[in-house]
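For reference, query-v6.cif (mmCIF, C-alpha atoms and all ligand atoms):
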```
data_query
#
loop_
_atom_site.label_atom_id
_atom_site.label_comp_id
_atom_site.auth_asym_id
_atom_site.auth_seq_id
_atom_site.Cartn_x
_atom_site.Cartn_y
_atom_site.Cartn_z
CA MET A 17 55.99 -35.46 -9.47
CA SER A 18 56.88 -39.11 -9.67
CA LYS A 19 56.16 -41.47 -12.41
CA PRO A 20 56.76 -44.98 -13.46
CA GLY A 21 61.01 -46.33 -16.97
CA GLY A 22 63.72 -48.75 -17.16
CA GLN A 23 65.19 -51.04 -19.64
CA GLN A 24 62.70 -50.05 -22.29
CA THR A 25 65.13 -47.22 -23.01
CA ASP A 26 67.35 -49.57 -24.98
CA GLU A 27 64.37 -50.38 -27.16
CA ARG A 28 62.84 -46.93 -27.42
CA GLY A 29 65.64 -44.50 -26.71
CA GLY A 30 68.60 -46.20 -28.33
CA ALA A 31 70.66 -46.58 -25.13
CA SER A 32 73.09 -49.49 -25.01
CA ALA A 33 72.63 -52.33 -22.50
CA GLU A 34 75.85 -51.17 -20.81
CA GLU A 35 74.49 -47.62 -20.42
CA VAL A 36 71.27 -48.94 -18.95
CA GLU A 37 73.27 -51.03 -16.47
CA ARG A 38 75.41 -48.02 -15.49
CA ALA A 39 72.30 -45.87 -15.02
CA TRP A 40 71.35 -47.79 -11.88
CA THR A 41 74.29 -46.19 -10.06
CA ASP A 42 74.52 -42.92 -12.04
CA PRO A 43 71.47 -40.69 -11.37
CA LYS A 44 72.35 -38.20 -14.13
CA LEU A 45 72.68 -40.90 -16.78
CA ALA A 46 69.47 -42.45 -15.45
CA ASN A 47 67.74 -39.08 -15.83
CA VAL A 48 68.89 -38.76 -19.44
CA LEU A 49 67.85 -42.30 -20.41
CA TYR A 50 64.60 -42.19 -18.51
CA HIS A 51 63.48 -38.77 -19.70
CA ASP A 52 64.69 -39.30 -23.28
CA SER A 53 62.53 -42.41 -23.41
CA GLU A 54 59.56 -40.50 -21.97
CA ALA A 55 59.83 -37.36 -24.12
CA SER A 56 57.47 -38.35 -26.93
CA THR A 57 54.65 -39.54 -24.63
CA TYR A 58 55.22 -37.24 -21.65
CA ASP A 59 52.52 -34.66 -22.37
CA GLU A 60 49.86 -37.32 -22.82
CA LYS A 61 50.95 -39.26 -19.74
CA TRP A 62 50.83 -36.21 -17.47
CA SER A 63 47.83 -34.51 -19.13
CA ILE A 64 50.04 -31.57 -20.07
CA SER A 65 48.45 -29.05 -22.38
CA TYR A 66 49.12 -25.52 -23.53
CA ASP A 67 45.58 -24.20 -23.10
CA GLU A 68 43.87 -22.23 -20.36
CA ARG A 69 43.87 -25.20 -17.94
CA CYS A 70 47.68 -25.43 -17.78
CA ILE A 71 48.29 -21.72 -18.41
CA SER A 72 46.34 -20.83 -15.29
CA TYR A 73 47.96 -23.70 -13.36
CA ALA A 74 51.48 -22.42 -14.17
CA ARG A 75 50.56 -18.76 -13.58
CA ASP A 76 48.87 -19.49 -10.26
CA ARG A 77 51.81 -21.57 -8.98
CA PHE A 78 54.21 -18.76 -9.85
CA ALA A 79 52.01 -16.07 -8.29
CA ALA A 80 51.40 -18.16 -5.15
CA VAL A 81 55.06 -18.11 -4.19
CA ALA A 82 56.50 -15.05 -5.95
CA GLY A 83 53.55 -12.67 -6.53
CA THR A 84 52.98 -10.74 -9.72
CA ASP A 85 55.50 -7.90 -9.37
CA GLY A 86 57.95 -7.66 -12.21
CA TRP A 87 55.76 -9.24 -14.90
CA PRO A 88 56.74 -9.61 -17.62
CA TYR A 89 60.33 -10.66 -16.86
CA ALA A 90 62.38 -9.74 -19.91
CA LYS A 91 64.58 -12.83 -20.28
CA ALA A 92 63.86 -16.17 -18.64
CA LEU A 93 65.56 -19.55 -18.37
CA GLU A 94 64.00 -22.87 -17.41
CA LEU A 95 66.06 -25.72 -15.91
CA GLY A 96 64.77 -29.28 -16.41
CA CYS A 97 62.15 -27.97 -18.83
CA GLY A 98 60.83 -31.38 -19.86
CA THR A 99 58.44 -30.75 -22.72
CA GLY A 100 58.16 -27.07 -21.77
CA PHE A 101 55.12 -27.29 -19.52
CA PHE A 102 56.10 -24.55 -17.06
CA LEU A 103 57.99 -21.97 -19.14
CA LEU A 104 55.79 -22.14 -22.26
CA ASN A 105 52.64 -21.76 -20.19
CA LEU A 106 54.19 -18.94 -18.11
CA LYS A 107 55.04 -17.18 -21.35
CA GLN A 108 51.49 -17.59 -22.57
CA ALA A 109 50.31 -16.17 -19.23
CA GLY A 110 52.37 -13.01 -19.77
CA VAL A 111 54.83 -13.74 -16.96
CA LEU A 112 57.89 -13.49 -19.24
CA ASP A 113 59.03 -12.48 -22.71
CA ASP A 114 62.24 -14.04 -24.03
CA ALA A 115 62.12 -17.82 -23.33
CA HIS A 116 65.13 -20.16 -23.02
CA VAL A 117 64.62 -23.85 -22.19
CA THR A 118 67.25 -26.30 -20.92
CA ASP A 119 67.24 -29.92 -19.78
CA LEU A 120 69.75 -32.69 -19.15
CA SER A 121 67.75 -34.85 -21.57
CA PRO A 122 68.29 -33.97 -25.27
CA GLY A 123 64.94 -35.59 -26.11
CA MET A 124 63.16 -33.25 -23.70
CA VAL A 125 64.87 -30.13 -25.09
CA GLN A 126 63.74 -31.12 -28.60
CA ALA A 127 60.20 -31.74 -27.35
CA ALA A 128 60.07 -28.34 -25.62
CA ILE A 129 61.32 -26.52 -28.72
CA ARG A 130 58.80 -28.43 -30.85
CA ASN A 131 55.98 -27.44 -28.48
CA GLY A 132 57.15 -23.82 -28.47
CA THR A 133 57.24 -23.75 -32.26
CA ALA A 134 53.74 -25.27 -32.45
CA LEU A 135 52.57 -22.41 -30.22
CA GLY A 136 54.17 -19.87 -32.56
CA MET A 137 56.90 -18.95 -30.08
CA ASP A 138 60.54 -18.32 -30.74
CA VAL A 139 62.09 -20.50 -28.00
CA ALA A 140 65.83 -21.06 -27.61
CA GLY A 141 66.93 -24.43 -26.20
CA ARG A 142 70.10 -26.15 -24.97
CA VAL A 143 71.05 -29.38 -23.27
CA ALA A 144 72.27 -28.32 -19.83
CA ASP A 145 73.03 -29.73 -16.42
CA ALA A 146 71.57 -27.52 -13.69
CA GLU A 147 74.80 -28.00 -11.68
CA ALA A 148 76.86 -26.35 -14.48
CA ILE A 149 74.58 -23.98 -16.40
CA PRO A 150 76.16 -23.15 -19.78
CA TYR A 151 75.33 -19.43 -19.78
CA ASP A 152 77.34 -16.37 -18.82
CA ASP A 153 77.01 -14.64 -15.47
CA ALA A 154 74.04 -12.27 -15.13
CA SER A 155 72.31 -13.42 -18.32
CA PHE A 156 68.70 -13.73 -17.09
CA ASP A 157 66.02 -11.81 -15.19
CA LEU A 158 64.22 -14.98 -14.15
CA VAL A 159 65.12 -18.66 -13.72
CA VAL A 160 62.34 -21.20 -13.22
CA GLY A 161 61.96 -24.93 -12.78
CA HIS A 162 59.08 -27.31 -12.17
CA ALA A 163 59.61 -30.75 -10.61
CA VAL A 164 63.35 -30.61 -11.29
CA LEU A 165 65.18 -29.89 -8.01
CA HIS A 166 64.41 -33.34 -6.59
CA HIS A 167 66.36 -34.92 -9.51
CA ILE A 168 69.54 -32.87 -9.00
CA PRO A 169 72.28 -34.50 -6.88
CA ASP A 170 73.67 -31.22 -5.44
CA VAL A 171 70.77 -28.79 -5.03
CA GLU A 172 72.89 -26.11 -3.31
CA LEU A 173 75.38 -26.15 -6.21
CA ALA A 174 72.50 -25.82 -8.70
CA LEU A 175 71.08 -22.87 -6.75
CA ARG A 176 74.54 -21.20 -6.73
CA GLU A 177 74.56 -21.65 -10.52
CA VAL A 178 71.07 -20.15 -10.74
CA LEU A 179 72.22 -17.08 -8.80
CA ARG A 180 75.31 -16.76 -11.00
CA VAL A 181 73.27 -16.62 -14.26
CA LEU A 182 70.70 -14.23 -12.73
CA ARG A 183 71.18 -10.49 -13.01
CA PRO A 184 71.50 -8.70 -9.64
CA GLY A 185 67.93 -8.50 -8.30
CA GLY A 186 66.80 -11.31 -10.63
CA ARG A 187 64.40 -13.92 -9.30
CA PHE A 188 64.19 -17.71 -9.27
CA VAL A 189 60.99 -19.73 -8.85
CA PHE A 190 60.85 -23.51 -8.39
CA ALA A 191 57.54 -25.35 -8.05
CA GLY A 192 56.21 -28.88 -8.03
CA GLU A 193 58.78 -30.33 -5.64
CA PRO A 194 57.73 -33.22 -3.37
CA SER A 195 57.71 -32.58 0.36
CA THR A 196 59.13 -35.34 2.54
CA VAL A 197 55.83 -35.94 4.33
CA GLY A 198 53.84 -35.67 1.08
CA ASP A 199 56.08 -38.13 -0.72
CA TRP A 200 55.64 -40.58 2.16
CA TYR A 201 51.84 -40.67 1.89
CA ALA A 202 51.74 -40.32 -1.91
CA ARG A 203 53.96 -43.37 -2.47
CA ARG A 204 52.03 -45.51 -0.03
CA LEU A 205 48.70 -44.51 -1.52
CA GLY A 206 50.09 -45.12 -5.02
CA ARG A 207 51.32 -48.62 -4.18
CA LEU A 208 48.08 -49.55 -2.47
CA THR A 209 45.99 -48.26 -5.39
CA TRP A 210 48.20 -50.12 -7.89
CA ARG A 211 47.81 -53.43 -6.03
CA LEU A 212 44.05 -53.05 -5.57
CA THR A 213 43.41 -51.93 -9.16
CA THR A 214 45.53 -54.58 -10.85
CA THR A 215 43.97 -57.28 -8.64
CA VAL A 216 40.42 -56.19 -9.42
CA THR A 217 41.00 -55.64 -13.15
CA HIS A 218 42.47 -59.15 -13.43
CA LEU A 219 39.24 -60.75 -12.20
CA PRO A 220 37.89 -62.89 -15.07
CA GLN A 221 34.70 -60.77 -15.44
CA LEU A 222 36.68 -57.53 -15.80
CA ARG A 223 39.95 -58.60 -17.34
CA GLU A 224 39.10 -58.16 -21.00
CA ARG A 225 37.55 -54.70 -20.75
CA TRP A 226 39.44 -53.13 -17.84
CA SER A 227 42.96 -54.53 -17.59
CA ARG A 228 45.92 -53.00 -19.39
CA PRO A 229 47.95 -55.27 -21.66
CA GLU A 230 50.59 -57.21 -19.65
CA GLU A 231 53.49 -55.64 -21.55
CA GLU A 232 52.27 -52.13 -20.61
CA LEU A 233 51.96 -53.12 -16.95
CA ALA A 234 55.46 -54.65 -17.04
CA GLU A 235 56.80 -51.43 -18.58
CA SER A 236 55.18 -49.40 -15.79
CA SER A 237 56.82 -51.63 -13.19
CA ARG A 238 60.26 -51.27 -14.81
CA ALA A 239 59.68 -47.53 -14.96
CA ALA A 240 58.70 -47.41 -11.30
CA ALA A 241 61.96 -49.20 -10.43
CA LEU A 242 64.09 -46.62 -12.29
CA GLU A 243 62.23 -43.88 -10.48
CA SER A 244 64.01 -44.87 -7.32
CA VAL A 245 67.26 -43.79 -9.08
CA VAL A 246 66.03 -40.53 -10.71
CA ASP A 247 64.01 -39.28 -7.72
CA ILE A 248 66.84 -38.28 -5.39
CA HIS A 249 65.33 -35.87 -2.88
CA THR A 250 62.23 -34.93 -1.03
CA PHE A 251 62.16 -31.60 0.78
CA ASP A 252 61.34 -30.13 4.12
CA PRO A 253 60.29 -26.58 3.12
CA ARG A 254 62.35 -24.94 5.87
CA GLU A 255 65.47 -26.91 4.96
CA LEU A 256 65.04 -26.06 1.28
CA ALA A 257 64.82 -22.36 2.16
CA ALA A 258 67.98 -22.74 4.27
CA THR A 259 69.75 -24.35 1.28
CA ALA A 260 68.80 -21.35 -0.91
CA LEU A 261 70.13 -18.94 1.73
CA ARG A 262 73.41 -20.90 1.98
CA ALA A 263 73.70 -20.68 -1.83
CA GLY A 264 73.62 -16.87 -1.47
CA ALA A 265 69.98 -15.99 -2.24
CA VAL A 266 68.00 -13.26 -0.47
CA ASP A 267 64.22 -12.70 -0.11
CA VAL A 268 63.87 -16.45 0.15
CA HIS A 269 60.35 -17.71 0.62
CA THR A 270 58.65 -21.11 0.44
CA THR A 271 55.03 -22.10 0.29
CA THR A 272 53.31 -25.47 0.01
CA GLU A 273 50.12 -26.70 -1.64
CA GLU A 274 47.96 -29.81 -1.99
CA LEU A 275 47.01 -31.93 0.96
CA THR A 276 43.52 -33.33 0.29
CA ALA A 277 44.17 -32.74 -3.42
CA ALA A 278 47.26 -34.98 -3.21
CA LEU A 279 45.48 -37.61 -1.12
CA PHE A 280 42.91 -37.71 -3.95
CA GLY A 281 45.24 -37.08 -6.90
CA TRP A 282 47.86 -39.80 -6.36
CA PRO A 283 45.40 -42.70 -6.22
CA VAL A 284 43.58 -41.23 -9.24
CA ARG A 285 46.80 -40.99 -11.29
CA THR A 286 47.85 -44.49 -10.28
CA PHE A 287 44.41 -45.86 -11.13
CA GLU A 288 44.63 -44.17 -14.56
CA ALA A 289 48.03 -45.82 -15.17
CA ALA A 290 46.75 -49.25 -14.12
CA VAL A 291 43.55 -49.59 -16.17
CA ASN A 292 42.76 -49.76 -19.87
CA PRO A 293 42.71 -46.07 -20.87
CA ALA A 294 39.88 -46.73 -23.37
CA ARG A 295 37.52 -47.21 -20.38
CA LEU A 296 38.18 -43.71 -19.01
CA GLY A 297 36.67 -41.05 -21.18
CA TRP A 298 36.28 -37.29 -21.06
CA GLY A 299 33.73 -37.57 -18.23
CA TRP A 300 36.32 -39.22 -16.01
CA ALA A 301 38.97 -36.64 -16.92
CA MET A 302 36.62 -33.78 -16.02
CA PHE A 303 35.58 -35.48 -12.76
CA ALA A 304 39.23 -35.90 -11.79
CA TYR A 305 40.16 -32.33 -12.72
CA ARG A 306 37.15 -30.64 -11.10
CA SER A 307 37.59 -32.71 -7.93
CA TRP A 308 41.26 -31.74 -7.79
CA GLN A 309 40.28 -28.06 -8.21
CA ARG A 310 37.73 -28.20 -5.39
CA LEU A 311 40.10 -30.00 -3.05
CA SER A 312 42.86 -27.52 -3.88
CA ALA A 313 40.50 -24.72 -2.80
CA ILE A 314 39.95 -26.51 0.53
CA ASP A 315 43.73 -26.93 0.85
CA ARG A 316 44.22 -23.18 0.48
CA VAL A 317 42.06 -22.70 3.56
CA LEU A 318 43.81 -25.53 5.42
CA GLY A 319 47.12 -23.95 4.49
CA LYS A 320 46.33 -21.02 6.81
CA ALA A 321 46.16 -23.37 9.82
CA LEU A 322 48.34 -26.41 9.18
CA PRO A 323 52.15 -26.68 9.02
CA GLN A 324 53.67 -26.26 5.55
CA LYS A 325 55.41 -29.60 5.66
CA LEU A 326 52.15 -31.61 5.60
CA PHE A 327 51.35 -30.47 2.07
CA TYR A 328 52.66 -32.32 -0.97
CA ASN A 329 53.98 -29.60 -3.30
CA VAL A 330 56.84 -27.34 -2.23
CA LEU A 331 57.44 -24.00 -4.00
CA LEU A 332 60.57 -21.89 -3.52
CA THR A 333 61.53 -18.40 -4.58
CA GLY A 334 64.36 -15.99 -3.90
CA THR A 335 66.47 -13.35 -5.58
CA ARG A 336 70.08 -12.60 -6.34
CA PRO A 337 71.29 -9.81 -4.07
CA GLY A 338 70.83 -6.49 -5.96
C1 LIG A 401 59.88 -34.58 -13.61
S1 LIG A 401 60.57 -33.93 -15.06
C2 LIG A 401 59.76 -32.35 -15.11
C3 LIG A 401 59.71 -31.76 -16.48
C4 LIG A 401 58.97 -30.44 -16.57
N1 LIG A 401 59.64 -29.40 -15.85
C5 LIG A 401 57.55 -30.61 -16.09
O1 LIG A 401 57.24 -30.15 -15.01
O2 LIG A 401 56.77 -31.21 -16.82
C6 LIG A 401 62.21 -33.49 -14.57
C7 LIG A 401 63.09 -33.01 -15.69
O3 LIG A 401 64.33 -32.59 -15.12
C8 LIG A 401 65.38 -33.03 -15.96
N2 LIG A 401 66.62 -33.13 -15.17
C9 LIG A 401 66.99 -34.11 -14.32
N3 LIG A 401 68.19 -33.86 -13.78
C10 LIG A 401 68.60 -32.68 -14.30
C11 LIG A 401 69.79 -31.90 -14.16
N4 LIG A 401 70.80 -32.27 -13.35
N5 LIG A 401 69.88 -30.75 -14.87
C12 LIG A 401 68.87 -30.36 -15.69
N6 LIG A 401 67.74 -31.07 -15.88
C13 LIG A 401 67.60 -32.23 -15.20
C14 LIG A 401 64.88 -34.35 -16.50
O4 LIG A 401 65.59 -34.73 -17.69
C15 LIG A 401 63.40 -34.07 -16.73
O5 LIG A 401 63.12 -33.59 -18.01
#
```

Before we go any further, please render this structure as structure tokens.
Ligand SMILES: C[S@@+](CC[C@H](N)C(=O)[O-])C[C@H]1O[C@@H](n2cnc3c(N)ncnc32)[C@H](O)[C@@H]1O
Amino acid sequence: MSKPGGQQTDERGGASAEEVERAWTDPKLANVLYHDSEASTYDEKWSISYDERCISYARDRFAAVAGTDGWPYAKALELGCGTGFFLLNLKQAGVLDDAHVTDLSPGMVQAAIRNGTALGMDVAGRVADAEAIPYDDASFDLVVGHAVLHHIPDVELALREVLRVLRPGGRFVFAGEPSTVGDWYARRLGRLTWRLTTTVTHLPQLRERWSRPEEELAESSRAAALESVVDIHTFDPRELAATALRAGAVDVHTTTEELTAALFGWPVRTFEAAVNPARLGWGWAMFAYRSWQRLSAIDRVLGKALPQKLFYNVLLTGTRPG
């Protein structure tokens, strides 16, 4: 996942100008400022919900890489939980019971707990760096993360920490990580779509109804610039599996998803960010979602024939030796 942040954090998130300046060379600080500033609008921006659409998305991602054995896991931890998208929906899907959320961003931990409470769940939360997880050895049966590994400076260290907090035989599942090839085409398509859309929506005949206010476009550009600091890695699936093995995991397995769906999805998301949202109603949202579903089905067939590394999303699982 990649999305457009920047200096607006000193206006919205309360960070000092000095902190914002330091964030350009400190990826962890950048992650905190960026994600704190995004926490209150994150679900809307990424169309995150806690209904059947996202429950089945989370469940299917998990099952695609790790199968359904062991459900429900008794005690689960999420790293980089954001607003709780992955863990809360996995809990609703019956994948796990006792839910613990963590994130480097205090704003995100609060958002995840708030979302859990709204769903009637008892969710425990802590601010935590994935490279130094503040839980005892062998505390969890399952550790999950979605779109978090690519933000962590030392992925092998984080995976060693994951194995430390897992019980012997416990499983980890990471999903939503950008592949190196996928990130290459997604960014180029995104930039091209942004340029085309903002040019067309600034034509005099369209400007008033279709363009986004200038300050929102400027905020998106600042955000896109900070992304280059928070998005640290892209992954070759085989190299990511090798990193998990070096960290001490066994039963390591990767899978990948979304080729045509990503070629369609990234321009669509960029287009949505570039135009006046009032022009895109429910009909557009359903068109985008149904198209993504159909293309994902095609990608599942293509996945049997094409190399893993061509697909956008990388998923990784493994276990702590029993
Ligand atoms: C792209 S967001 C994904 C959020 C959520 N998992 C989702 O899929 O919607 C990445 C999250 O990872 C968090 N993060 C970044 N670096 C981290 C680290 N070193 N340890 C823990 N969380 C981190 C960020 O604060 C952010 O909330």

Non-local contacts of Arg183 in chain A (7 Å; only C-alpha atoms; under 4 positions in same chain excluded) as a list in words: Ala154, Ser155, Phe156 and Asp157 of chain A

Within 6 Å of ligand LIG 401 (chain A) (counting all atoms listed in the file), which residues show up? I'd like them as a PyMOL selection string. chain A and resi 17+47-48+51+95-98+101+119-121+124+144-146+161-164+167-168

So that I can check the surroundings of Ile64 in chain A, please list as a ChimeraX atom specification every protein, DNA and RNA residue that reaches within 12 Å of it, counting all atoms listed in the file and ignoring chain neighbours fewer than 4 positions away. /A:57-60,68-71,73-74,98-102,104-105,128,131

Between A:Arg238, A:Arg336, A:His116, A:Arg225, which residue has the minimum interatomic distance to Leu296 in chain A, considering all atoms listed in the file?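 Nearest candidate to Leu296 in chain A out of A:Arg238, A:Arg336, A:His116, A:Arg225: A:Arg225.
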
Do you know which residues are at most 10 Å from Thr217 in chain A counting all atoms listed in the file, after dropping those on the same chain fewer than 3 positions away, and could you put them as number ranges by chain? A: 212-214, 220-228, 290-292

Closest to Gly186 in chain A among A:Arg75, A:Lys91, A:Arg285, A:Arg207, using all atoms listed in the file?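 Of all the options, A:Lys91 lies closest to Gly186 in chain A.
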
Proximity to Glu94 in chain A - best of A:Trp308, A:Trp200, A:Trp300, A:Phe188, all atoms listed in the file: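 Closest residue, counting all atoms listed in the file: A:Phe188.
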
Nearest to Glu255 in chain A by atom-to-atom distance, counting all atoms listed in the file, from A:Thr286, A:Val171, A:Ala234, A:Ala321: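 Smallest separation from Glu255 in chain A among the options: A:Val171.
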
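Atom pair CA of Pro337 in chain A / CA of Leu182 in chain A: separated by 9.7 Å.
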
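When CA of Val181 in chain A is paired with CA of Tyr328 in chain A, their separation reads 29.1 Å.
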
Which distance in Å separates CA of Lys320 in chain A and CA of Thr270 in chain A, to one decimal? 13.9 Å

Proximity to Trp62 in chain A - best of A:Glu37, A:Asp315, A:Glu243, A:Glu288, only C-alpha atoms: A:Glu288

Looking at A:Leu322, A:Val330, A:Ala127, A:Ala31, which one is nearest to Ala55 in chain A, with distances taken over all atoms listed in the file?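 Nearest candidate to Ala55 in chain A out of A:Leu322, A:Val330, A:Ala127, A:Ala31: A:Ala127.
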
Would you compute the box with edges along x, y and z of the file around range 125-137 of chain A, including every atom the file lists for it and 8 Å extra on each side, and give its centre and edge lengths in Å to one decimal, as lines of an AutoDock Vina configuration file?
```
center_x = 58.7
center_y = -25.3
center_z = -28.8
size_x = 28.3
size_y = 28.8
size_z = 23.5
```

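Close contacts of Leu279 in chain A, defined as residues with an atom at most 10 Å away when counting all atoms listed in the file, with chain neighbours fewer than 2 positions off set aside, comprise Gly198, Tyr201, Ala202, Leu205, Gly206, Glu274, Leu275, Thr276, Ala277, Gly281, Trp282, Pro283, Val284, Trp308, Leu311, Phe327 and Tyr328 of chain A.
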
Would you mind exporting the chosen residues as a compact mmCIF listing (two decimals), in the frame of the given file, restricted to C-alpha atoms?
```
# COMPACT_ATOMS: atom_id res chain seq x y z
CA GLY A 198 53.84 -35.67 1.08
CA TYR A 201 51.84 -40.67 1.89
CA ALA A 202 51.74 -40.32 -1.91
CA LEU A 205 48.70 -44.51 -1.52
CA GLY A 206 50.09 -45.12 -5.02
CA GLU A 274 47.96 -29.81 -1.99
CA LEU A 275 47.01 -31.93 0.96
CA THR A 276 43.52 -33.33 0.29
CA ALA A 277 44.17 -32.74 -3.42
CA GLY A 281 45.24 -37.08 -6.90
CA TRP A 282 47.86 -39.80 -6.36
CA PRO A 283 45.40 -42.70 -6.22
CA VAL A 284 43.58 -41.23 -9.24
CA TRP A 308 41.26 -31.74 -7.79
CA LEU A 311 40.10 -30.00 -3.05
CA PHE A 327 51.35 -30.47 2.07
CA TYR A 328 52.66 -32.32 -0.97
```

Could you give me, as a list in words, the residues within 10 Å of Ser72 in chain A, counting only C-alpha atoms and dropping anything in the same chain fewer than 5 positions from it? Tyr66, Asp67, Arg77, Phe78, Asn105, Leu106, Gln108 and Ala109 of chain A

Expected answer as a PyMOL selection string: all residues with atoms within 7 Å of (57.7, -14.3, -4.4), all atoms listed in the file: chain A and resi 81-83+269+333-334

Preceding selection exported with C-alpha atoms as a PDB file, keeping the file's coordinate frame:
```pdb
ATOM      1  CA  VAL A  81      55.060 -18.110  -4.190  1.00  0.00           C
ATOM      2  CA  ALA A  82      56.500 -15.050  -5.950  1.00  0.00           C
ATOM      3  CA  GLY A  83      53.550 -12.670  -6.530  1.00  0.00           C
ATOM      4  CA  HIS A 269      60.350 -17.710   0.620  1.00  0.00           C
ATOM      5  CA  THR A 333      61.530 -18.400  -4.580  1.00  0.00           C
ATOM      6  CA  GLY A 334      64.360 -15.990  -3.900  1.00  0.00           C
TER       7      GLY A 334
END
```

Could range 149-162 of chain A be written out with N, CA and C atoms, as a JSON list (two decimals), in the first residue's frame, please?
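Once everything was written out, this is result-v3.json:
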```json
[["chain", "number", "residue", "atom", "x", "y", "z"],
["A", 149, "ILE", "N", 9.53, -5.69, 20.21],
["A", 149, "ILE", "CA", 8.13, -5.88, 20.61],
["A", 149, "ILE", "C", 8.02, -5.98, 22.13],
["A", 150, "PRO", "N", 7.22, -5.13, 22.76],
["A", 150, "PRO", "CA", 7.21, -5.07, 24.23],
["A", 150, "PRO", "C", 6.32, -6.13, 24.88],
["A", 151, "TYR", "N", 6.52, -7.38, 24.49],
["A", 151, "TYR", "CA", 5.80, -8.50, 25.13],
["A", 151, "TYR", "C", 6.80, -9.59, 25.46],
["A", 152, "ASP", "N", 6.44, -10.41, 26.45],
["A", 152, "ASP", "CA", 7.32, -11.50, 26.87],
["A", 152, "ASP", "C", 7.45, -12.56, 25.78],
["A", 153, "ASP", "N", 8.50, -13.36, 25.92],
["A", 153, "ASP", "CA", 8.69, -14.50, 25.01],
["A", 153, "ASP", "C", 7.44, -15.39, 25.07],
["A", 154, "ALA", "N", 7.14, -16.01, 23.94],
["A", 154, "ALA", "CA", 6.09, -17.04, 23.84],
["A", 154, "ALA", "C", 4.74, -16.56, 24.37],
["A", 155, "SER", "N", 4.36, -15.33, 24.03],
["A", 155, "SER", "CA", 3.09, -14.79, 24.53],
["A", 155, "SER", "C", 1.90, -15.06, 23.61],
["A", 156, "PHE", "N", 2.17, -15.32, 22.32],
["A", 156, "PHE", "CA", 1.06, -15.34, 21.34],
["A", 156, "PHE", "C", 1.05, -16.62, 20.51],
["A", 157, "ASP", "N", -0.16, -16.97, 20.02],
["A", 157, "ASP", "CA", -0.31, -18.10, 19.10],
["A", 157, "ASP", "C", -0.21, -17.65, 17.66],
["A", 158, "LEU", "N", -0.44, -16.36, 17.44],
["A", 158, "LEU", "CA", -0.46, -15.83, 16.07],
["A", 158, "LEU", "C", 0.01, -14.38, 16.10],
["A", 159, "VAL", "N", 0.87, -14.03, 15.14],
["A", 159, "VAL", "CA", 1.24, -12.62, 14.94],
["A", 159, "VAL", "C", 0.92, -12.28, 13.49],
["A", 160, "VAL", "N", 0.22, -11.17, 13.28],
["A", 160, "VAL", "CA", -0.12, -10.76, 11.91],
["A", 160, "VAL", "C", 0.29, -9.32, 11.64],
["A", 161, "GLY", "N", 0.35, -8.99, 10.37],
["A", 161, "GLY", "CA", 0.59, -7.61, 9.96],
["A", 161, "GLY", "C", 0.09, -7.43, 8.55],
["A", 162, "HIS", "N", -0.38, -6.26, 8.23],
["A", 162, "HIS", "CA", -0.83, -5.96, 6.86],
["A", 162, "HIS", "C", -0.20, -4.65, 6.43]]
```
